[in-house]
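Peer 1: Here you go, this is start-v4.csv (CSV, C-alpha atoms).
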chain,number,residue,atom,x,y,z
A,20,MET,CA,-131.9,-142.9,116.9
A,21,ASN,CA,-134.6,-145.5,117.5
A,22,ILE,CA,-137.7,-145.3,115.3
A,23,ASN,CA,-139.9,-145.0,118.4
A,24,SER,CA,-138.0,-142.1,119.9
A,25,SER,CA,-138.1,-138.5,118.7
A,26,ARG,CA,-137.2,-135.0,119.4
A,27,GLU,CA,-140.2,-132.9,118.6
A,28,ILE,CA,-140.6,-129.3,117.4
A,29,GLU,CA,-144.0,-128.1,118.6
A,30,ARG,CA,-146.0,-125.1,119.5
A,31,LYS,CA,-149.0,-125.1,121.8
A,32,PHE,CA,-151.9,-122.6,122.0
A,33,LEU,CA,-155.1,-122.2,123.9
A,34,VAL,CA,-158.2,-122.6,121.8
A,35,LYS,CA,-160.4,-119.4,121.7
A,36,ARG,CA,-163.3,-121.1,120.0
A,37,LEU,CA,-163.7,-124.5,118.4
A,38,PRO,CA,-163.5,-124.5,114.5
A,39,PRO,CA,-166.7,-125.2,112.6
A,40,GLY,CA,-167.4,-128.8,111.7
A,41,LEU,CA,-165.0,-130.2,114.3
A,42,LYS,CA,-166.9,-133.4,114.7
A,43,ARG,CA,-166.2,-134.6,111.1
A,44,PHE,CA,-162.4,-134.8,111.9
A,45,ARG,CA,-160.9,-137.9,113.2
A,46,HIS,CA,-161.1,-138.0,116.9
A,47,PHE,CA,-160.3,-140.3,119.9
A,48,GLN,CA,-161.0,-140.6,123.5
A,49,ILE,CA,-157.8,-140.5,125.5
A,50,ALA,CA,-157.3,-141.6,129.1
A,51,GLN,CA,-153.8,-141.2,130.5
A,52,GLY,CA,-152.2,-141.5,133.8
A,53,TYR,CA,-148.7,-140.9,135.3
A,54,LEU,CA,-146.8,-143.8,136.7
A,55,ALA,CA,-143.9,-141.8,138.1
A,56,SER,CA,-142.8,-138.2,137.5
A,57,GLU,CA,-139.7,-136.6,138.7
A,58,PRO,CA,-139.7,-132.9,139.9
A,59,GLY,CA,-137.5,-132.0,136.8
A,60,GLY,CA,-140.2,-133.2,134.4
A,61,ARG,CA,-138.9,-136.6,133.5
A,62,HIS,CA,-141.8,-139.0,133.6
A,63,MET,CA,-143.6,-142.2,132.5
A,64,ARG,CA,-147.0,-141.9,131.0
A,65,LEU,CA,-149.5,-144.7,130.4
A,66,ARG,CA,-152.2,-143.9,127.8
A,67,LYS,CA,-155.2,-145.5,126.0
A,68,LYS,CA,-156.1,-143.6,122.9
A,69,GLY,CA,-159.2,-145.2,121.4
A,70,LYS,CA,-158.3,-148.9,121.7
A,71,THR,CA,-154.5,-148.4,121.5
A,72,ALA,CA,-152.5,-148.6,124.6
A,73,SER,CA,-149.0,-147.1,124.9
A,74,LEU,CA,-146.3,-146.3,127.5
A,75,THR,CA,-144.2,-143.2,127.0
A,76,PHE,CA,-141.0,-142.0,128.6
A,77,LYS,CA,-140.4,-138.2,128.4
A,78,VAL,CA,-137.5,-136.1,129.6
A,79,GLY,CA,-136.5,-132.5,129.1
A,80,ARG,CA,-138.2,-129.6,127.4
A,81,GLY,CA,-137.7,-127.5,124.3
A,82,SER,CA,-135.0,-128.7,122.0
A,83,ALA,CA,-133.5,-131.1,124.6
A,84,ARG,CA,-136.8,-133.0,124.8
A,85,GLU,CA,-136.6,-136.8,124.3
A,86,GLU,CA,-139.5,-139.2,124.0
A,87,ARG,CA,-139.6,-143.0,123.8
A,88,GLU,CA,-142.8,-144.9,123.3
A,89,ILE,CA,-143.8,-148.5,123.1
A,90,ARG,CA,-147.2,-150.1,122.3
A,91,LEU,CA,-148.6,-152.2,125.0
A,92,SER,CA,-150.9,-155.2,124.8
A,93,ALA,CA,-154.3,-155.0,126.5
A,94,LYS,CA,-153.0,-157.3,129.2
A,95,GLN,CA,-149.8,-155.2,129.9
A,96,PHE,CA,-152.0,-152.1,130.0
A,97,ALA,CA,-154.4,-153.6,132.5
A,98,THR,CA,-151.7,-154.6,134.8
A,99,LEU,CA,-150.1,-151.2,135.0
A,100,TRP,CA,-153.2,-149.0,134.8
A,101,PRO,CA,-154.3,-149.3,138.5
A,102,ALA,CA,-150.9,-147.7,139.5
A,103,THR,CA,-152.1,-144.4,138.0
A,104,ARG,CA,-155.1,-144.0,140.3
A,105,GLY,CA,-155.4,-140.4,141.4
A,106,ARG,CA,-153.0,-139.3,138.6
A,107,ARG,CA,-155.2,-139.5,135.6
A,108,LEU,CA,-156.8,-137.2,133.1
A,109,ARG,CA,-159.2,-137.6,130.2
A,110,LYS,CA,-159.6,-135.7,127.0
A,111,THR,CA,-161.0,-135.9,123.5
A,112,ARG,CA,-158.4,-135.4,120.8
A,113,TYR,CA,-159.3,-134.1,117.3
A,114,GLU,CA,-156.8,-134.4,114.5
A,115,ILE,CA,-157.2,-131.6,112.0
A,116,PRO,CA,-155.2,-131.3,108.8
A,117,TRP,CA,-154.1,-127.7,108.3
A,118,LYS,CA,-152.1,-126.8,105.2
A,119,ASN,CA,-149.3,-129.4,105.3
A,120,LEU,CA,-149.5,-129.7,109.0
A,121,LYS,CA,-151.6,-131.5,111.6
A,122,ILE,CA,-153.3,-129.7,114.4
A,123,GLU,CA,-154.2,-131.7,117.5
A,124,VAL,CA,-157.0,-130.2,119.5
A,125,ASP,CA,-157.4,-131.6,123.0
A,126,ILE,CA,-160.7,-131.0,124.9
A,127,TYR,CA,-160.3,-131.9,128.5
A,128,HIS,CA,-162.9,-133.6,130.7
A,129,GLY,CA,-163.3,-134.0,134.5
A,130,ARG,CA,-161.4,-131.6,136.7
A,131,ASN,CA,-160.0,-129.9,133.6
A,132,HIS,CA,-163.3,-129.3,132.0
A,133,GLY,CA,-163.3,-126.1,130.0
A,134,LEU,CA,-159.6,-126.3,129.0
A,135,MET,CA,-159.0,-126.7,125.2
A,136,VAL,CA,-155.5,-126.8,123.8
A,137,ALA,CA,-154.2,-127.0,120.3
A,138,GLU,CA,-150.8,-128.4,119.5
A,139,VAL,CA,-148.9,-128.2,116.2
A,140,GLU,CA,-145.9,-130.3,115.3
A,141,PHE,CA,-143.4,-129.0,112.7
A,142,PRO,CA,-141.1,-130.8,110.3
A,143,SER,CA,-138.4,-128.1,110.7
A,144,GLN,CA,-137.4,-125.1,112.8
A,145,ALA,CA,-138.1,-122.9,109.7
A,146,SER,CA,-141.7,-124.0,109.3
A,147,CYS,CA,-142.1,-123.6,113.1
A,148,ARG,CA,-141.1,-120.0,113.0
A,149,LYS,CA,-143.2,-119.2,109.9
A,150,PHE,CA,-146.4,-120.7,111.3
A,151,LYS,CA,-149.4,-118.3,111.3
A,152,PRO,CA,-152.0,-119.6,113.7
A,153,PRO,CA,-155.6,-119.9,112.4
A,154,ARG,CA,-158.0,-117.3,113.8
A,155,TRP,CA,-159.7,-119.7,116.2
A,156,PHE,CA,-156.4,-120.1,118.1
A,157,GLY,CA,-156.0,-118.1,121.4
A,158,ARG,CA,-152.9,-117.3,123.3
A,159,GLU,CA,-149.7,-119.2,122.7
A,160,VAL,CA,-148.6,-121.3,125.7
A,161,THR,CA,-145.6,-123.1,124.3
A,162,GLY,CA,-143.3,-124.2,127.2
A,163,GLU,CA,-145.7,-122.9,129.9
A,164,LYS,CA,-145.5,-125.5,132.7
A,165,ARG,CA,-149.0,-125.1,133.9
A,166,TYR,CA,-150.3,-126.4,130.6
A,167,SER,CA,-148.1,-129.4,130.6
A,168,ASN,CA,-150.3,-132.5,130.9
A,169,VAL,CA,-148.1,-133.9,133.7
A,170,ARG,CA,-148.9,-130.8,135.8
A,171,LEU,CA,-152.6,-130.5,135.2
A,172,PRO,CA,-155.1,-131.4,138.0
A,173,ARG,CA,-155.6,-135.2,138.0
A,174,GLU,CA,-158.2,-137.6,139.3
B,2,MET,CA,-155.6,-158.1,143.1
B,3,ASN,CA,-154.0,-158.7,139.8
B,4,ILE,CA,-151.8,-161.8,139.5
B,5,ASN,CA,-148.9,-159.5,138.4
B,6,SER,CA,-149.0,-157.3,141.4
B,7,SER,CA,-148.1,-158.2,145.0
B,8,ARG,CA,-147.4,-156.9,148.5
B,9,GLU,CA,-144.3,-158.6,149.7
B,10,ILE,CA,-143.0,-159.6,153.1
B,11,GLU,CA,-139.3,-159.5,152.9
B,12,ARG,CA,-136.1,-159.2,155.0
B,13,LYS,CA,-132.8,-158.1,153.7
B,14,PHE,CA,-129.3,-158.8,155.0
B,15,LEU,CA,-125.7,-158.0,154.1
B,16,VAL,CA,-123.7,-161.1,153.2
B,17,LYS,CA,-120.7,-161.8,155.5
B,18,ARG,CA,-119.3,-164.5,153.3
B,19,LEU,CA,-120.6,-166.4,150.3
B,20,PRO,CA,-121.9,-169.9,151.1
B,21,PRO,CA,-119.9,-172.8,149.8
B,22,GLY,CA,-120.9,-174.2,146.4
B,23,LEU,CA,-122.6,-171.0,145.4
B,24,LYS,CA,-122.0,-171.5,141.7
B,25,ARG,CA,-124.1,-174.7,141.5
B,26,PHE,CA,-127.3,-172.8,142.3
B,27,ARG,CA,-129.4,-171.2,139.6
B,28,HIS,CA,-128.1,-167.8,138.8
B,29,PHE,CA,-128.7,-164.9,136.4
B,30,GLN,CA,-127.0,-161.8,135.2
B,31,ILE,CA,-129.3,-158.8,135.9
B,32,ALA,CA,-129.0,-155.4,134.3
B,33,GLN,CA,-131.5,-152.8,135.5
B,34,GLY,CA,-132.1,-149.1,135.1
B,35,TYR,CA,-134.5,-146.6,136.5
B,36,LEU,CA,-136.8,-144.7,134.0
B,37,ALA,CA,-138.2,-142.3,136.5
B,38,SER,CA,-138.1,-142.2,140.4
B,39,GLU,CA,-140.0,-139.8,142.6
B,40,PRO,CA,-138.3,-138.5,145.8
B,41,GLY,CA,-140.8,-140.5,147.9
B,42,GLY,CA,-139.6,-143.8,146.4
B,43,ARG,CA,-142.3,-144.4,143.7
B,44,HIS,CA,-140.4,-145.5,140.6
B,45,MET,CA,-140.3,-147.4,137.3
B,46,ARG,CA,-137.6,-150.0,136.8
B,47,LEU,CA,-136.6,-151.6,133.6
B,48,ARG,CA,-134.8,-155.0,134.0
B,49,LYS,CA,-133.2,-157.7,131.9
B,50,LYS,CA,-132.7,-160.9,134.0
B,51,GLY,CA,-131.0,-163.5,131.8
B,52,LYS,CA,-133.0,-163.2,128.6
B,53,THR,CA,-136.2,-162.0,130.3
B,54,ALA,CA,-137.1,-158.3,130.1
B,55,SER,CA,-139.5,-156.8,132.5
B,56,LEU,CA,-140.9,-153.4,133.6
B,57,THR,CA,-141.8,-152.9,137.2
B,58,PHE,CA,-143.7,-150.2,139.0
B,59,LYS,CA,-143.0,-149.9,142.7
B,60,VAL,CA,-144.4,-147.6,145.4
B,61,GLY,CA,-144.3,-147.4,149.1
B,62,ARG,CA,-142.3,-149.4,151.6
B,63,GLY,CA,-142.9,-152.0,154.3
B,64,SER,CA,-146.4,-153.3,154.5
B,65,ALA,CA,-147.7,-150.5,152.2
B,66,ARG,CA,-145.5,-151.6,149.4
B,67,GLU,CA,-147.1,-152.3,146.0
B,68,GLU,CA,-145.5,-153.8,143.0
B,69,ARG,CA,-146.8,-154.2,139.4
B,70,GLU,CA,-144.8,-156.0,136.8
B,71,ILE,CA,-145.1,-156.7,133.1
B,72,ARG,CA,-143.0,-158.8,130.8
B,73,LEU,CA,-141.6,-156.9,127.8
B,74,SER,CA,-140.7,-158.2,124.4
B,75,ALA,CA,-137.1,-157.7,123.2
B,76,LYS,CA,-138.2,-154.9,121.0
B,77,GLN,CA,-140.2,-153.0,123.8
B,78,PHE,CA,-137.1,-153.4,126.0
B,79,ALA,CA,-134.7,-152.1,123.3
B,80,THR,CA,-136.8,-149.0,122.8
B,81,LEU,CA,-136.9,-148.0,126.5
B,82,TRP,CA,-133.4,-149.1,127.6
B,83,PRO,CA,-131.5,-146.1,126.3
B,84,ALA,CA,-133.6,-143.9,128.6
B,85,THR,CA,-131.9,-145.4,131.6
B,86,ARG,CA,-128.4,-144.3,130.7
B,87,GLY,CA,-126.6,-143.1,133.8
B,88,ARG,CA,-129.1,-144.8,136.0
B,89,ARG,CA,-128.1,-148.5,135.7
B,90,LEU,CA,-126.7,-151.2,137.8
B,91,ARG,CA,-125.6,-154.7,137.3
B,92,LYS,CA,-125.5,-157.7,139.6
B,93,THR,CA,-125.5,-161.5,139.5
B,94,ARG,CA,-128.4,-163.1,141.3
B,95,TYR,CA,-128.1,-166.5,142.9
B,96,GLU,CA,-131.3,-168.3,143.9
B,97,ILE,CA,-130.7,-170.5,146.9
B,98,PRO,CA,-133.4,-172.9,148.3
B,99,TRP,CA,-133.3,-172.7,152.1
B,100,LYS,CA,-135.6,-174.8,154.2
B,101,ASN,CA,-139.0,-174.0,152.6
B,102,LEU,CA,-137.8,-170.5,151.6
B,103,LYS,CA,-135.8,-169.0,148.7
B,104,ILE,CA,-132.8,-166.8,149.4
B,105,GLU,CA,-131.8,-164.4,146.7
B,106,VAL,CA,-128.2,-163.4,146.9
B,107,ASP,CA,-127.2,-160.3,144.8
B,108,ILE,CA,-123.5,-159.7,144.0
B,109,TYR,CA,-123.1,-156.2,142.6
B,110,HIS,CA,-120.8,-155.2,139.9
B,111,GLY,CA,-119.4,-151.9,138.6
B,112,ARG,CA,-119.6,-149.0,141.0
B,113,ASN,CA,-121.2,-151.2,143.6
B,114,HIS,CA,-118.5,-153.9,143.4
B,115,GLY,CA,-118.0,-155.5,146.8
B,116,LEU,CA,-121.6,-155.2,147.9
B,117,MET,CA,-123.4,-158.5,148.5
B,118,VAL,CA,-127.0,-158.6,149.7
B,119,ALA,CA,-129.3,-161.5,150.6
B,120,GLU,CA,-133.1,-161.1,150.4
B,121,VAL,CA,-135.6,-163.6,151.8
B,122,GLU,CA,-139.3,-163.5,150.9
B,123,PHE,CA,-141.8,-165.0,153.3
B,124,PRO,CA,-145.3,-166.5,152.8
B,125,SER,CA,-146.6,-165.0,156.1
B,126,GLN,CA,-145.8,-162.5,158.9
B,127,ALA,CA,-145.3,-165.4,161.2
B,128,SER,CA,-142.6,-167.1,159.1
B,129,CYS,CA,-141.0,-163.7,158.7
B,130,ARG,CA,-140.7,-163.2,162.5
B,131,LYS,CA,-139.5,-166.8,163.1
B,132,PHE,CA,-136.7,-166.7,160.5
B,133,LYS,CA,-133.3,-167.6,161.8
B,134,PRO,CA,-130.6,-166.3,159.4
B,135,PRO,CA,-127.9,-168.8,158.2
B,136,ARG,CA,-124.5,-168.1,159.6
B,137,TRP,CA,-123.1,-166.6,156.4
B,138,PHE,CA,-125.6,-163.7,156.7
B,139,GLY,CA,-124.3,-160.4,158.1
B,140,ARG,CA,-126.1,-157.4,159.5
B,141,GLU,CA,-129.9,-157.1,158.7
B,142,VAL,CA,-130.6,-154.0,156.6
B,143,THR,CA,-134.3,-154.4,156.0
B,144,GLY,CA,-135.8,-151.0,155.2
B,145,GLU,CA,-132.5,-149.2,155.1
B,146,LYS,CA,-132.8,-146.7,152.3
B,147,ARG,CA,-129.1,-146.8,151.4
B,148,TYR,CA,-129.4,-150.5,150.4
B,149,SER,CA,-132.5,-149.9,148.3
B,150,ASN,CA,-131.5,-150.6,144.6
B,151,VAL,CA,-133.1,-147.3,143.5
B,152,ARG,CA,-130.6,-145.4,145.7
B,153,LEU,CA,-127.4,-147.2,145.0
B,154,PRO,CA,-124.7,-145.5,142.8
B,155,ARG,CA,-125.5,-145.9,139.2
B,156,GLU,CA,-123.7,-145.9,135.9
As structure tokens - that is how I would like this structure written.

Peer 2:
Amino acid sequence: MNINSSREIERKFLVKRLPPGLKRFRHFQIAQGYLASEPGGRHMRLRKKGKTASLTFKVGRGSAREEREIRLSAKQFATLWPATRGRRLRKTRYEIPWKNLKIEVDIYHGRNHGLMVAEVEFPSQASCRKFKPPRWFGREVTGEKRYSNVRLPRE
Amino acid sequence: MNINSSREIERKFLVKRLPPGLKRFRHFQIAQGYLASEPGGRHMRLRKKGKTASLTFKVGRGSAREEREIRLSAKQFATLWPATRGRRLRKTRYEIPWKNLKIEVDIYHGRNHGLMVAEVEFPSQASCRKFKPPRWFGREVTGEKRYSNVRLPRE
């Protein structure tokens, strides 16, 4: 399988309260928009994370999920970005090391202001099952469509 | 509007018989696949035309049509192409100068073998209306969904 494609093992949680000292962790402004999304979930996402532009293809959910991503030049990004008008969202992402894992905390802006979500990616099914969420995590929302970025309100 | 985006004025016809000496005109092998297509027609197309790879966003039809296209590197193309499996079509395109216009003749292969379509792009609404099709053109199919590439049988 291509180095830029992956099948991910992830769990997703709402964030009850932000952990102390959040600001000292690495973070990025993310703006993303959806170029085309099929009713079944297959879609193309355009994203700028900090200064890095990327285009991502996603299909399926759970264990059948497939992702393919390419980096875009600033010029490639600028040509496609206007096509996402009315289908965008913005968030700040914090990357928090946690034991041997990485927690990504997304704090949404604009129409999704108030929504905070934590995502954890696991190297194996075993570590996924064994994971004990830190106390600042709220309800688990893994697989819940309404918290899928592609279905959140857009602007 | 960006140089890579356009609103096109086009007419499309079936081809009754191929014009004589077709082979001497510039032609390309085209392989294209659809990454994601919405029921309303909005879609992302990945294409290799000769050795040139491109990614195209399309939305709308008729005068409300919008297109945005970027060139891709061979590596970017190779990463995304597997995502179009089962959603591809192949054709040979001939580019035929005709008066001050260019006729593109697409001869389809694979599941669409036997289908031949000619497309003419016009610089203005006036030249579009005045156009008199050459005698080897068949029925006009402008705007007919079934001849839209995104709706043809795929493989």

Peer 1: Please list, as a ChimeraX atom specification, the residues that have an atom at most 9 Å away from (-139.8, -161.7, 150.5) in the coordinates of this file, counting all atoms listed in the file.

Peer 2: /B:9-13,103-104,120-124,129

Peer 1: Only residues of chain A matter here; which ones have an atom within 6 Å of chain B, counting all atoms listed in the file? Give them as a list in words.

Peer 2: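 Every residue of chain A that passes the 6 Å test is in Ala55, Glu57, His62, Ile89 and Gln95 of chain A.
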
Peer 1: Could the residues in this selection be saved with C-alpha atoms as a tab-separated table (two decimals), in the frame of the given file?

Peer 2:
chain	number	residue	atom	x	y	z
A	55	ALA	CA	-143.90	-141.80	138.10
A	57	GLU	CA	-139.70	-136.60	138.70
A	62	HIS	CA	-141.80	-139.00	133.60
A	89	ILE	CA	-143.80	-148.50	123.10
A	95	GLN	CA	-149.80	-155.20	129.90

Peer 1: Could you jot down the atom CA of Arg130 of chain A to atom CA of Arg106 of chain A separation for me, Å, one decimal place?

Peer 2: 11.6 Å

Peer 1: Excluding Phe156 of chain A and its own-chain neighbours fewer than 6 positions away, which residues fall within 10 Å of it when counting all atoms listed in the file? Please give them as a PyMOL selection string.

Peer 2: chain A and resi 31-38+136-137

Peer 1: So what do you get for atom CA of Arg91 of chain B versus atom CA of Pro154 of chain B, distance-wise?

Peer 2: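 We find that atom CA of Arg91 of chain B and atom CA of Pro154 of chain B lie 10.8 Å from each other.
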
Peer 1: Enter the distance from atom CA of Lys110 of chain A to atom CA of Val160 of chain A, in Å, rounded to one decimal.

Peer 2: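 So the answer is 18.2 Å.
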
Peer 1: Might you pull out every residue within 7 Å of Arg48 of chain B, with only C-alpha atoms counted and same-chain residues fewer than 5 positions away left off, and present them as number ranges by chain?

Peer 2: B: 31-34, 54-56

Peer 1: Using all atoms listed in the file, find the one residue out of A:Tyr166, A:Tyr113, A:Tyr127, A:Phe150 that sits nearest to Gly40 of chain A.

Peer 2: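 Looking at the shortest contact to Gly40 of chain A, the residue is A:Tyr113.
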